[in-house]
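Shown below: model14.pdb, with PDB, C-alpha atoms.
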ATOM      1  CA  MET A   1      -7.167  14.797  15.859
ATOM      2  CA  LYS A   2      -5.526  12.425  13.398
ATOM      3  CA  LYS A   3      -1.777  12.564  12.823
ATOM      4  CA  THR A   4      -0.730  14.825   9.951
ATOM      5  CA  VAL A   5       1.287  13.022   7.270
ATOM      6  CA  PHE A   6       3.072  16.232   6.225
ATOM      7  CA  THR A   7       2.616  19.979   6.213
ATOM      8  CA  GLY A   8       3.679  22.099   3.256
ATOM      9  CA  ALA A   9       4.552  21.132  -0.318
ATOM     10  CA  GLY A  10       4.840  17.487  -1.308
ATOM     11  CA  VAL A  11       6.133  16.779  -4.798
ATOM     12  CA  ALA A  12       4.150  14.476  -7.073
ATOM     13  CA  ILE A  13       7.447  13.325  -8.500
ATOM     14  CA  VAL A  14       7.932  12.219 -12.099
ATOM     15  CA  THR A  15       9.333   8.801 -12.907
ATOM     16  CA  PRO A  16      12.361   9.456 -15.138
ATOM     17  CA  MET A  17      12.785   7.136 -18.113
ATOM     18  CA  HIS A  18      15.565   6.123 -20.459
ATOM     19  CA  GLU A  19      14.869   6.606 -24.158
ATOM     20  CA  ASP A  20      13.873   2.932 -24.374
ATOM     21  CA  GLY A  21      11.188   3.521 -21.739
ATOM     22  CA  THR A  22      12.857   1.756 -18.812
ATOM     23  CA  VAL A  23      13.065   3.546 -15.462
ATOM     24  CA  ASN A  24      16.182   5.697 -15.065
ATOM     25  CA  TYR A  25      17.146   5.136 -11.443
ATOM     26  CA  ASP A  26      20.314   7.243 -11.642
ATOM     27  CA  VAL A  27      18.280  10.325 -12.542
ATOM     28  CA  PHE A  28      15.544   9.353 -10.075
ATOM     29  CA  SER A  29      18.107   9.264  -7.290
ATOM     30  CA  GLN A  30      19.344  12.741  -8.209
ATOM     31  CA  LEU A  31      15.801  14.115  -8.372
ATOM     32  CA  LEU A  32      15.062  12.794  -4.880
ATOM     33  CA  GLU A  33      18.245  14.334  -3.476
ATOM     34  CA  ASP A  34      17.573  17.667  -5.164
ATOM     35  CA  GLN A  35      14.006  17.753  -3.850
ATOM     36  CA  ILE A  36      15.103  17.134  -0.271
ATOM     37  CA  ALA A  37      17.908  19.685  -0.545
ATOM     38  CA  SER A  38      15.382  22.240  -1.812
ATOM     39  CA  GLY A  39      13.050  21.896   1.156
ATOM     40  CA  THR A  40      10.325  19.654  -0.237
ATOM     41  CA  ASP A  41       8.163  18.425   2.628
ATOM     42  CA  ALA A  42       7.175  15.015   1.210
ATOM     43  CA  ILE A  43       7.750  12.762  -1.781
ATOM     44  CA  ILE A  44       4.723  11.272  -3.518
ATOM     45  CA  ALA A  45       5.890   8.403  -5.741
ATOM     46  CA  CYS A  46       3.912   6.477  -8.374
ATOM     47  CA  GLY A  47       1.075   8.945  -8.627
ATOM     48  CA  THR A  48      -0.441  10.321 -11.816
ATOM     49  CA  THR A  49       2.635  12.468 -12.461
ATOM     50  CA  GLY A  50       4.796   9.392 -11.866
ATOM     51  CA  GLU A  51       3.008   7.557 -14.702
ATOM     52  CA  SER A  52       1.741   4.826 -12.417
ATOM     53  CA  ALA A  53      -0.825   3.811 -15.050
ATOM     54  CA  THR A  54       1.903   2.457 -17.343
ATOM     55  CA  LEU A  55       4.218   0.942 -14.736
ATOM     56  CA  SER A  56       4.078  -2.835 -14.469
ATOM     57  CA  HIS A  57       3.403  -4.271 -11.028
ATOM     58  CA  GLN A  58       7.072  -5.103 -10.588
ATOM     59  CA  GLU A  59       8.171  -1.627 -11.712
ATOM     60  CA  HIS A  60       5.607   0.027  -9.436
ATOM     61  CA  VAL A  61       6.910  -1.835  -6.408
ATOM     62  CA  GLU A  62      10.553  -1.268  -7.400
ATOM     63  CA  VAL A  63      10.076   2.493  -7.875
ATOM     64  CA  LEU A  64       8.379   2.763  -4.475
ATOM     65  CA  ASP A  65      11.047   0.655  -2.792
ATOM     66  CA  PHE A  66      13.834   2.709  -4.387
ATOM     67  CA  ALA A  67      12.300   6.024  -3.307
ATOM     68  CA  ILE A  68      11.688   4.813   0.246
ATOM     69  CA  ARG A  69      15.239   3.497   0.644
ATOM     70  CA  ARG A  70      16.856   6.544  -0.958
ATOM     71  CA  VAL A  71      14.886   9.086   1.064
ATOM     72  CA  ASN A  72      15.530   7.045   4.225
ATOM     73  CA  LYS A  73      12.983   8.831   6.441
ATOM     74  CA  ARG A  74      14.383  12.316   5.787
ATOM     75  CA  VAL A  75      10.886  13.324   4.638
ATOM     76  CA  PRO A  76       7.726  11.224   4.365
ATOM     77  CA  VAL A  77       7.355   9.056   1.266
ATOM     78  CA  ILE A  78       3.737   8.620   0.213
ATOM     79  CA  ALA A  79       3.062   5.691  -2.088
ATOM     80  CA  GLY A  80       0.499   5.876  -4.852
ATOM     81  CA  THR A  81      -1.388   2.592  -4.570
ATOM     82  CA  GLY A  82      -4.822   3.347  -5.982
ATOM     83  CA  SER A  83      -6.548   1.126  -8.527
ATOM     84  CA  ASN A  84      -9.967   0.511 -10.034
ATOM     85  CA  ASP A  85      -9.611  -3.062  -8.747
ATOM     86  CA  THR A  86     -10.075  -3.092  -4.970
ATOM     87  CA  ALA A  87      -8.141  -6.328  -4.491
ATOM     88  CA  TYR A  88      -5.206  -4.976  -6.493
ATOM     89  CA  ALA A  89      -5.279  -1.677  -4.600
ATOM     90  CA  LEU A  90      -4.902  -3.688  -1.392
ATOM     91  CA  GLU A  91      -2.084  -5.762  -2.889
ATOM     92  CA  LEU A  92      -0.144  -2.628  -3.882
ATOM     93  CA  SER A  93      -0.852  -1.022  -0.511
ATOM     94  CA  LEU A  94       0.496  -4.015   1.386
ATOM     95  CA  GLU A  95       3.617  -4.006  -0.819
ATOM     96  CA  ALA A  96       4.138  -0.302  -0.051
ATOM     97  CA  GLN A  97       3.614  -0.925   3.658
ATOM     98  CA  LYS A  98       6.159  -3.747   3.585
ATOM     99  CA  ALA A  99       8.660  -1.475   1.811
ATOM    100  CA  GLY A 100       8.354   1.161   4.551
ATOM    101  CA  ALA A 101       6.118   3.837   3.038
ATOM    102  CA  ASP A 102       4.890   6.515   5.432
ATOM    103  CA  ALA A 103       1.420   6.805   3.910
ATOM    104  CA  LEU A 104      -0.676   5.769   0.924
ATOM    105  CA  LEU A 105      -2.273   7.916  -1.788
ATOM    106  CA  MET A 106      -5.378   6.204  -3.151
ATOM    107  CA  VAL A 107      -7.189   7.532  -6.198
ATOM    108  CA  THR A 108     -10.867   6.840  -6.807
ATOM    109  CA  PRO A 109     -11.646   3.863  -9.056
ATOM    110  CA  TYR A 110     -11.440   4.900 -12.712
ATOM    111  CA  TYR A 111     -13.165   3.653 -15.867
ATOM    112  CA  ASN A 112     -15.480   1.174 -14.149
ATOM    113  CA  LYS A 113     -16.117   3.934 -11.550
ATOM    114  CA  THR A 114     -18.658   3.171  -8.815
ATOM    115  CA  SER A 115     -21.447   4.632  -6.686
ATOM    116  CA  GLN A 116     -20.870   6.650  -3.510
ATOM    117  CA  MET A 117     -21.589   3.491  -1.497
ATOM    118  CA  GLY A 118     -19.087   1.658  -3.687
ATOM    119  CA  LEU A 119     -16.479   4.291  -2.867
ATOM    120  CA  ILE A 120     -17.082   3.847   0.850
ATOM    121  CA  ARG A 121     -16.765   0.088   0.586
ATOM    122  CA  HIS A 122     -13.705   0.271  -1.719
ATOM    123  CA  PHE A 123     -11.657   2.559   0.509
ATOM    124  CA  THR A 124     -12.858   0.943   3.727
ATOM    125  CA  TYR A 125     -11.863  -2.499   2.442
ATOM    126  CA  VAL A 126      -8.260  -1.361   2.038
ATOM    127  CA  ALA A 127      -8.193   0.817   5.160
ATOM    128  CA  ASP A 128      -9.335  -2.124   7.296
ATOM    129  CA  ARG A 129      -6.386  -4.206   6.119
ATOM    130  CA  VAL A 130      -3.416  -1.828   6.283
ATOM    131  CA  ASN A 131      -1.622  -0.065   9.105
ATOM    132  CA  LEU A 132      -0.748   3.139   7.245
ATOM    133  CA  PRO A 133      -2.535   6.475   6.969
ATOM    134  CA  ILE A 134      -4.421   6.888   3.721
ATOM    135  CA  ILE A 135      -4.742  10.087   1.703
ATOM    136  CA  LEU A 136      -7.719   9.840  -0.644
ATOM    137  CA  TYR A 137      -7.253  11.325  -4.126
ATOM    138  CA  ASN A 138     -10.240  12.955  -5.772
ATOM    139  CA  VAL A 139      -9.586  13.898  -9.405
ATOM    140  CA  PRO A 140     -12.847  13.416 -11.346
ATOM    141  CA  SER A 141     -11.476  15.028 -14.523
ATOM    142  CA  ARG A 142      -9.234  11.975 -14.940
ATOM    143  CA  THR A 143     -11.271   9.221 -13.304
ATOM    144  CA  GLY A 144     -14.868  10.160 -14.084
ATOM    145  CA  CYS A 145     -15.619   9.486 -10.426
ATOM    146  CA  ASN A 146     -16.237  12.200  -7.837
ATOM    147  CA  ILE A 147     -16.343  11.803  -4.055
ATOM    148  CA  LYS A 148     -19.208  13.849  -2.610
ATOM    149  CA  PRO A 149     -18.722  15.790   0.644
ATOM    150  CA  GLU A 150     -21.166  13.515   2.475
ATOM    151  CA  THR A 151     -19.132  10.504   1.368
ATOM    152  CA  PHE A 152     -15.966  12.141   2.665
ATOM    153  CA  LEU A 153     -17.724  12.552   5.991
ATOM    154  CA  GLU A 154     -18.450   8.834   6.183
ATOM    155  CA  LEU A 155     -14.920   7.890   5.108
ATOM    156  CA  SER A 156     -13.385  10.310   7.623
ATOM    157  CA  LYS A 157     -14.756   8.176  10.433
ATOM    158  CA  HIS A 158     -12.179   5.476   9.655
ATOM    159  CA  PRO A 159      -9.018   5.916  11.769
ATOM    160  CA  ASN A 160      -6.690   5.103   8.846
ATOM    161  CA  ILE A 161      -8.318   7.538   6.388
ATOM    162  CA  VAL A 162      -6.707  10.809   7.383
ATOM    163  CA  ALA A 163      -6.690  13.228   4.442
ATOM    164  CA  VAL A 164      -7.659  13.984   0.863
ATOM    165  CA  LYS A 165      -5.787  15.352  -2.112
ATOM    166  CA  GLU A 166      -8.612  17.427  -3.581
ATOM    167  CA  ALA A 167      -8.177  17.995  -7.314
ATOM    168  CA  SER A 168     -11.799  18.469  -8.328
ATOM    169  CA  GLY A 169     -11.162  22.182  -8.792
ATOM    170  CA  ASP A 170     -14.397  22.911  -6.917
ATOM    171  CA  ILE A 171     -13.496  25.249  -4.057
ATOM    172  CA  SER A 172     -17.105  25.271  -2.852
ATOM    173  CA  ALA A 173     -16.929  21.502  -2.442
ATOM    174  CA  VAL A 174     -13.605  21.824  -0.591
ATOM    175  CA  ALA A 175     -15.229  24.305   1.809
ATOM    176  CA  GLU A 176     -18.094  21.886   2.397
ATOM    177  CA  ILE A 177     -15.659  19.021   3.056
ATOM    178  CA  ALA A 178     -13.821  21.187   5.583
ATOM    179  CA  ALA A 179     -17.077  22.146   7.283
ATOM    180  CA  LEU A 180     -18.392  18.588   7.460
ATOM    181  CA  CYS A 181     -15.223  16.708   8.369
ATOM    182  CA  GLY A 182     -13.189  19.167  10.419
ATOM    183  CA  ASP A 183     -10.013  17.653  11.845
ATOM    184  CA  ASP A 184     -11.084  14.119  10.916
ATOM    185  CA  LEU A 185     -10.076  14.652   7.274
ATOM    186  CA  GLN A 186      -7.158  16.917   6.472
ATOM    187  CA  LEU A 187      -6.990  18.730   3.140
ATOM    188  CA  TYR A 188      -4.246  18.972   0.533
ATOM    189  CA  SER A 189      -4.671  20.938  -2.662
ATOM    190  CA  GLY A 190      -4.303  18.776  -5.747
ATOM    191  CA  ASN A 191      -4.099  21.838  -8.003
ATOM    192  CA  ASP A 192      -1.140  24.196  -7.934
ATOM    193  CA  ASP A 193      -3.318  27.170  -8.868
ATOM    194  CA  GLN A 194      -5.460  26.599  -5.775
ATOM    195  CA  ILE A 195      -2.817  26.265  -3.075
ATOM    196  CA  LEU A 196      -3.753  29.439  -1.229
ATOM    197  CA  PRO A 197      -7.551  28.954  -1.319
ATOM    198  CA  VAL A 198      -7.190  25.440   0.095
ATOM    199  CA  LEU A 199      -4.777  26.638   2.792
ATOM    200  CA  ALA A 200      -7.251  29.380   3.672
ATOM    201  CA  LEU A 201      -9.890  26.685   4.222
ATOM    202  CA  GLY A 202      -7.624  24.923   6.688
ATOM    203  CA  GLY A 203      -5.555  22.841   4.275
ATOM    204  CA  LYS A 204      -2.240  21.324   5.302
ATOM    205  CA  GLY A 205      -0.483  21.938   2.001
ATOM    206  CA  VAL A 206      -0.301  20.788  -1.603
ATOM    207  CA  ILE A 207       0.628  17.667  -3.537
ATOM    208  CA  SER A 208       2.294  19.472  -6.354
ATOM    209  CA  VAL A 209       3.382  19.133  -9.977
ATOM    210  CA  LEU A 210       4.998  22.591  -9.830
ATOM    211  CA  SER A 211       7.385  21.292  -7.162
ATOM    212  CA  ASN A 212       9.129  19.211  -9.823
ATOM    213  CA  VAL A 213      10.552  22.409 -11.324
ATOM    214  CA  LEU A 214      10.329  24.863  -8.399
ATOM    215  CA  PRO A 215      10.487  22.853  -5.169
ATOM    216  CA  ARG A 216      11.822  25.621  -2.952
ATOM    217  CA  GLU A 217       9.336  28.182  -4.193
ATOM    218  CA  THR A 218       6.342  25.849  -3.821
ATOM    219  CA  HIS A 219       7.441  25.053  -0.278
ATOM    220  CA  GLU A 220       7.745  28.779   0.398
ATOM    221  CA  ILE A 221       4.196  29.512  -0.802
ATOM    222  CA  CYS A 222       2.988  27.219   1.973
ATOM    223  CA  GLU A 223       5.570  28.318   4.528
ATOM    224  CA  LEU A 224       4.685  31.989   4.143
ATOM    225  CA  PHE A 225       1.021  31.210   4.740
ATOM    226  CA  PHE A 226       1.739  29.163   7.846
ATOM    227  CA  ARG A 227       3.955  31.972   9.200
ATOM    228  CA  GLY A 228       1.020  34.358   8.868
ATOM    229  CA  ASP A 229       2.252  36.170   5.746
ATOM    230  CA  VAL A 230      -0.876  35.535   3.698
ATOM    231  CA  GLU A 231      -0.119  38.420   1.348
ATOM    232  CA  GLY A 232       3.368  37.080   0.659
ATOM    233  CA  SER A 233       1.935  33.640  -0.053
ATOM    234  CA  ARG A 234      -0.719  35.109  -2.336
ATOM    235  CA  CYS A 235       1.815  37.136  -4.300
ATOM    236  CA  MET A 236       4.077  34.112  -4.792
ATOM    237  CA  MET A 237       1.286  31.864  -6.017
ATOM    238  CA  LEU A 238       0.075  34.496  -8.458
ATOM    239  CA  LYS A 239       3.642  35.146  -9.610
ATOM    240  CA  TYR A 240       3.955  31.556 -10.808
ATOM    241  CA  LEU A 241       0.441  31.230 -12.230
ATOM    242  CA  ASP A 242       1.596  31.380 -15.861
ATOM    243  CA  LEU A 243       4.087  28.586 -15.187
ATOM    244  CA  ILE A 244       1.441  26.499 -13.415
ATOM    245  CA  HIS A 245      -0.866  26.877 -16.403
ATOM    246  CA  ALA A 246       1.955  25.983 -18.816
ATOM    247  CA  LEU A 247       2.643  22.782 -16.883
ATOM    248  CA  PHE A 248      -0.965  21.757 -17.533
ATOM    249  CA  SER A 249      -1.147  22.905 -21.152
ATOM    250  CA  ASP A 250      -1.123  19.258 -22.211
ATOM    251  CA  VAL A 251      -1.915  16.000 -20.422
ATOM    252  CA  ASN A 252       0.082  15.710 -17.199
ATOM    253  CA  PRO A 253       2.965  14.759 -16.995
ATOM    254  CA  ILE A 254       3.804  15.597 -20.623
ATOM    255  CA  PRO A 255       4.529  19.328 -20.056
ATOM    256  CA  VAL A 256       6.367  18.938 -16.735
ATOM    257  CA  LYS A 257       8.662  16.272 -18.172
ATOM    258  CA  GLU A 258       9.291  18.479 -21.210
ATOM    259  CA  ALA A 259      10.078  21.423 -18.921
ATOM    260  CA  MET A 260      12.445  19.343 -16.804
ATOM    261  CA  ASN A 261      14.253  18.086 -19.896
ATOM    262  CA  LEU A 262      14.602  21.651 -21.180
ATOM    263  CA  MET A 263      16.024  22.590 -17.760
ATOM    264  CA  GLY A 264      18.654  19.853 -18.100
ATOM    265  CA  MET A 265      17.205  17.285 -15.682
ATOM    266  CA  GLN A 266      17.169  14.467 -18.271
ATOM    267  CA  VAL A 267      13.958  12.815 -17.108
ATOM    268  CA  GLY A 268      13.351  11.358 -20.553
ATOM    269  CA  PRO A 269      10.097  10.710 -22.386
ATOM    270  CA  CYS A 270       6.662   9.671 -21.198
ATOM    271  CA  ARG A 271       5.434   6.186 -21.966
ATOM    272  CA  LEU A 272       2.784   5.599 -24.595
ATOM    273  CA  PRO A 273      -0.022   6.458 -24.926
ATOM    274  CA  LEU A 274       1.406   9.807 -23.771
ATOM    275  CA  VAL A 275       3.461  11.470 -26.503
ATOM    276  CA  GLU A 276       5.639  14.539 -26.851
ATOM    277  CA  MET A 277       4.148  18.016 -27.045
ATOM    278  CA  SER A 278       3.347  19.598 -30.396
ATOM    279  CA  GLU A 279       5.905  22.042 -31.734
ATOM    280  CA  SER A 280       3.614  24.978 -30.995
ATOM    281  CA  GLY A 281       2.975  23.685 -27.467
ATOM    282  CA  LYS A 282       6.676  23.233 -26.848
ATOM    283  CA  LYS A 283       7.391  26.724 -28.184
ATOM    284  CA  ASN A 284       4.860  28.238 -25.793
ATOM    285  CA  LEU A 285       6.317  26.249 -22.895
ATOM    286  CA  VAL A 286       9.828  27.482 -23.695
ATOM    287  CA  GLU A 287       8.620  31.077 -23.693
ATOM    288  CA  VAL A 288       7.082  30.653 -20.246
ATOM    289  CA  LEU A 289      10.232  28.964 -18.902
ATOM    290  CA  LYS A 290      12.284  31.869 -20.250
ATOM    291  CA  LYS A 291       9.965  34.309 -18.475
ATOM    292  CA  TYR A 292      10.962  32.683 -15.178
ATOM    293  CA  SER A 293      14.645  32.355 -16.168
ATOM    294  CA  LEU A 294      14.421  28.551 -15.997
ATOM    295  CA  VAL A 295      16.029  28.048 -19.407
TER     296      VAL A 295
END

Could I get this file's structure written as structure tokens?
Amino acid sequence: MKKTVFTGAGVAIVTPMHEDGTVNYDVFSQLLEDQIASGTDAIIACGTTGESATLSHQEHVEVLDFAIRRVNKRVPVIAGTGSNDTAYALELSLEAQKAGADALLMVTPYYNKTSQMGLIRHFTYVADRVNLPIILYNVPSRTGCNIKPETFLELSKHPNIVAVKEASGDISAVAEIAALCGDDLQLYSGNDDQILPVLALGGKGVISVLSNVLPRETHEICELFFRGDVEGSRCMMLKYLDLIHALFSDVNPIPVKEAMNLMGMQVGPCRLPLVEMSESGKKNLVEVLKKYSLV
């Protein structure tokens, strides 16, 4: 069985910005400390929620390096290093490895996309050249590129490809992946509203947007399940379903950054082309946050 990168709730952490769009490292430092203090099981930096698409190469490497040094092995730091350019994905992955990341999160190629054979060759190319465990990231709603269960089976044969963040939303596909790959490819939910179903299929946890605002509670959803209290886990996930939906009421990470700002975390704006929520969207978000006594 391959080594597990983490068990429980890993936060897909936002990248806080100043009003001028530069990275706010003072706030980032506080977010990291608060996450660890609240029981988060892993930090995932420079993922979709971290606005990796609009970070320059230098910023991407600096944000990863900062997170790795600040966390200092207290929990695993997983570096988002995916790209639609295989050579650049390797370059970022080697930079993350050099900085001391514990694992890599690699999204499927986007825009240019590729075939299933292309996916195998893309991920294998990087996996052959790094010494870190790789978590694949399947999110076809954003990339237009879906990894089929049979392709996961082939990729799971590589010793460095250890897990997948499954955000296709297709629980039947997740079940098929679990059946085909077994312990050779561990599962993390990529959707906060599917934490329990993925855990029930043998998943190791979640890579979570919700954890940005409720780190302790998201950890507890997983912890209750692993302790055998499936009903307690189910009730908690359903309790926060309205909040989960509100955090995806606009393009991620627009709503979660708005929520965090309303909660006083001062994470700043998103970078263009992402813009602030509409007034009606913000009003609805505030009402949901009030429901959970978060504002």

Once the PyMOL selection byres ((chain A and resi 217) around 10) has been evaluated on this model, what residues remain selected, and can you format them as a list in words? Ala9, Ser38, Gly39, Thr40, Leu210, Ser211, Val213, Leu214, Pro215, Arg216, Thr218, His219, Glu220, Ile221, Cys222, Glu223, Met236, Met237 and Tyr240 of chain A

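Residues in contact with His158 of chain A at 12 Å, where all atoms listed in the file are counted and same-chain residues fewer than 2 positions away are skipped, are listed as Lys2, Ile120, Arg121, Phe123, Thr124, Tyr125, Val126, Ala127, Asp128, Arg129, Val130, Asn131, Leu132, Pro133, Ile134, Ile135, Thr151, Phe152, Leu153, Glu154, Leu155, Ser156, Asn160, Ile161, Val162, Ala163, Cys181, Asp184 and Leu185 of chain A.
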
For the selection just defined, write its residues with C-alpha atoms to a file, as a PDB file, in the coordinates of the input.
ATOM      1  CA  LYS A   2      -5.526  12.425  13.398  1.00  0.00           C
ATOM      2  CA  ILE A 120     -17.082   3.847   0.850  1.00  0.00           C
ATOM      3  CA  ARG A 121     -16.765   0.088   0.586  1.00  0.00           C
ATOM      4  CA  PHE A 123     -11.657   2.559   0.509  1.00  0.00           C
ATOM      5  CA  THR A 124     -12.858   0.943   3.727  1.00  0.00           C
ATOM      6  CA  TYR A 125     -11.863  -2.499   2.442  1.00  0.00           C
ATOM      7  CA  VAL A 126      -8.260  -1.361   2.038  1.00  0.00           C
ATOM      8  CA  ALA A 127      -8.193   0.817   5.160  1.00  0.00           C
ATOM      9  CA  ASP A 128      -9.335  -2.124   7.296  1.00  0.00           C
ATOM     10  CA  ARG A 129      -6.386  -4.206   6.119  1.00  0.00           C
ATOM     11  CA  VAL A 130      -3.416  -1.828   6.283  1.00  0.00           C
ATOM     12  CA  ASN A 131      -1.622  -0.065   9.105  1.00  0.00           C
ATOM     13  CA  LEU A 132      -0.748   3.139   7.245  1.00  0.00           C
ATOM     14  CA  PRO A 133      -2.535   6.475   6.969  1.00  0.00           C
ATOM     15  CA  ILE A 134      -4.421   6.888   3.721  1.00  0.00           C
ATOM     16  CA  ILE A 135      -4.742  10.087   1.703  1.00  0.00           C
ATOM     17  CA  THR A 151     -19.132  10.504   1.368  1.00  0.00           C
ATOM     18  CA  PHE A 152     -15.966  12.141   2.665  1.00  0.00           C
ATOM     19  CA  LEU A 153     -17.724  12.552   5.991  1.00  0.00           C
ATOM     20  CA  GLU A 154     -18.450   8.834   6.183  1.00  0.00           C
ATOM     21  CA  LEU A 155     -14.920   7.890   5.108  1.00  0.00           C
ATOM     22  CA  SER A 156     -13.385  10.310   7.623  1.00  0.00           C
ATOM     23  CA  ASN A 160      -6.690   5.103   8.846  1.00  0.00           C
ATOM     24  CA  ILE A 161      -8.318   7.538   6.388  1.00  0.00           C
ATOM     25  CA  VAL A 162      -6.707  10.809   7.383  1.00  0.00           C
ATOM     26  CA  ALA A 163      -6.690  13.228   4.442  1.00  0.00           C
ATOM     27  CA  CYS A 181     -15.223  16.708   8.369  1.00  0.00           C
ATOM     28  CA  ASP A 184     -11.084  14.119  10.916  1.00  0.00           C
ATOM     29  CA  LEU A 185     -10.076  14.652   7.274  1.00  0.00           C
TER      30      LEU A 185
END

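Selection result for the displayed file, with the PyMOL selection byres ((chain A and resi 43) around 8) as criterion, is Gly10, Val11, Ala12, Ile13, Leu32, Thr40, Asp41, Ala42, Ile44, Ala45, Val75, Pro76, Val77 and Ile78 of chain A.
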
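Minimum distance to Leu196 of chain A across A:Asp102, A:Gln30, A:Ser93, A:Gly8 (counting all atoms listed in the file) occurs at A:Gly8.
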
Please evaluate the PyMOL selection byres ((chain A and resi 19-21) around 10) against the displayed coordinates and give the resulting residues as a PDB file with C-alpha atoms, keeping the file's coordinate frame.
ATOM      1  CA  PRO A  16      12.361   9.456 -15.138  1.00  0.00           C
ATOM      2  CA  MET A  17      12.785   7.136 -18.113  1.00  0.00           C
ATOM      3  CA  HIS A  18      15.565   6.123 -20.459  1.00  0.00           C
ATOM      4  CA  THR A  22      12.857   1.756 -18.812  1.00  0.00           C
ATOM      5  CA  VAL A  23      13.065   3.546 -15.462  1.00  0.00           C
ATOM      6  CA  ASN A  24      16.182   5.697 -15.065  1.00  0.00           C
ATOM      7  CA  VAL A 267      13.958  12.815 -17.108  1.00  0.00           C
ATOM      8  CA  GLY A 268      13.351  11.358 -20.553  1.00  0.00           C
ATOM      9  CA  PRO A 269      10.097  10.710 -22.386  1.00  0.00           C
ATOM     10  CA  CYS A 270       6.662   9.671 -21.198  1.00  0.00           C
ATOM     11  CA  ARG A 271       5.434   6.186 -21.966  1.00  0.00           C
ATOM     12  CA  LEU A 272       2.784   5.599 -24.595  1.00  0.00           C
TER      13      LEU A 272
END

As a PyMOL selection string, please: the residues near segment 186-195 of chain A (cut-off 9 Å, all atoms listed in the file, same-chain neighbours under 3 positions excluded). chain A and resi 2+4+7-8+135+137-139+162-169+171+174+177-178+181-183+198-210+218+221-222+237-238+240-241+244-245

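Counting all atoms listed in the file, the residue from A:Gln58, A:Gln97, A:Asn72, A:Thr49 that sits nearest to Ile36 of chain A is A:Asn72.
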
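For the pair atom CA of Leu64 of chain A and atom CA of Leu94 of chain A, the separation is 11.9 Å.
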
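Atom CA of Lys73 of chain A lies 16.5 Å from atom CA of Lys3 of chain A.
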
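The spacing separating atom CA of Leu243 of chain A from atom CA of Tyr292 of chain A amounts to 8.0 Å.
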
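Proximity ranking of A:Met277, A:Leu224, A:Val107, A:Val27 relative to Gly264 of chain A places A:Val27 first, based on all atoms listed in the file.
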
Please work out which residues fall within 8 Å of (-15.9, 7.2, -5.2), coordinates as given in the file, with all atoms listed in the file counting, and return them as a ChimeraX atom specification. /A:108-109,113-120,145-148

Would you write out those residues with C-alpha atoms, as a PDB file, in the coordinates of the input?
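Output saved as part.pdb:
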ATOM      1  CA  THR A 108     -10.867   6.840  -6.807  1.00  0.00           C
ATOM      2  CA  PRO A 109     -11.646   3.863  -9.056  1.00  0.00           C
ATOM      3  CA  LYS A 113     -16.117   3.934 -11.550  1.00  0.00           C
ATOM      4  CA  THR A 114     -18.658   3.171  -8.815  1.00  0.00           C
ATOM      5  CA  SER A 115     -21.447   4.632  -6.686  1.00  0.00           C
ATOM      6  CA  GLN A 116     -20.870   6.650  -3.510  1.00  0.00           C
ATOM      7  CA  MET A 117     -21.589   3.491  -1.497  1.00  0.00           C
ATOM      8  CA  GLY A 118     -19.087   1.658  -3.687  1.00  0.00           C
ATOM      9  CA  LEU A 119     -16.479   4.291  -2.867  1.00  0.00           C
ATOM     10  CA  ILE A 120     -17.082   3.847   0.850  1.00  0.00           C
ATOM     11  CA  CYS A 145     -15.619   9.486 -10.426  1.00  0.00           C
ATOM     12  CA  ASN A 146     -16.237  12.200  -7.837  1.00  0.00           C
ATOM     13  CA  ILE A 147     -16.343  11.803  -4.055  1.00  0.00           C
ATOM     14  CA  LYS A 148     -19.208  13.849  -2.610  1.00  0.00           C
TER      15      LYS A 148
END

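Compared by their closest atoms to Tyr25 of chain A, and using all atoms listed in the file, the residues A:Arg227, A:Lys290, A:Lys157, A:Arg70 rank with A:Arg70 nearest.
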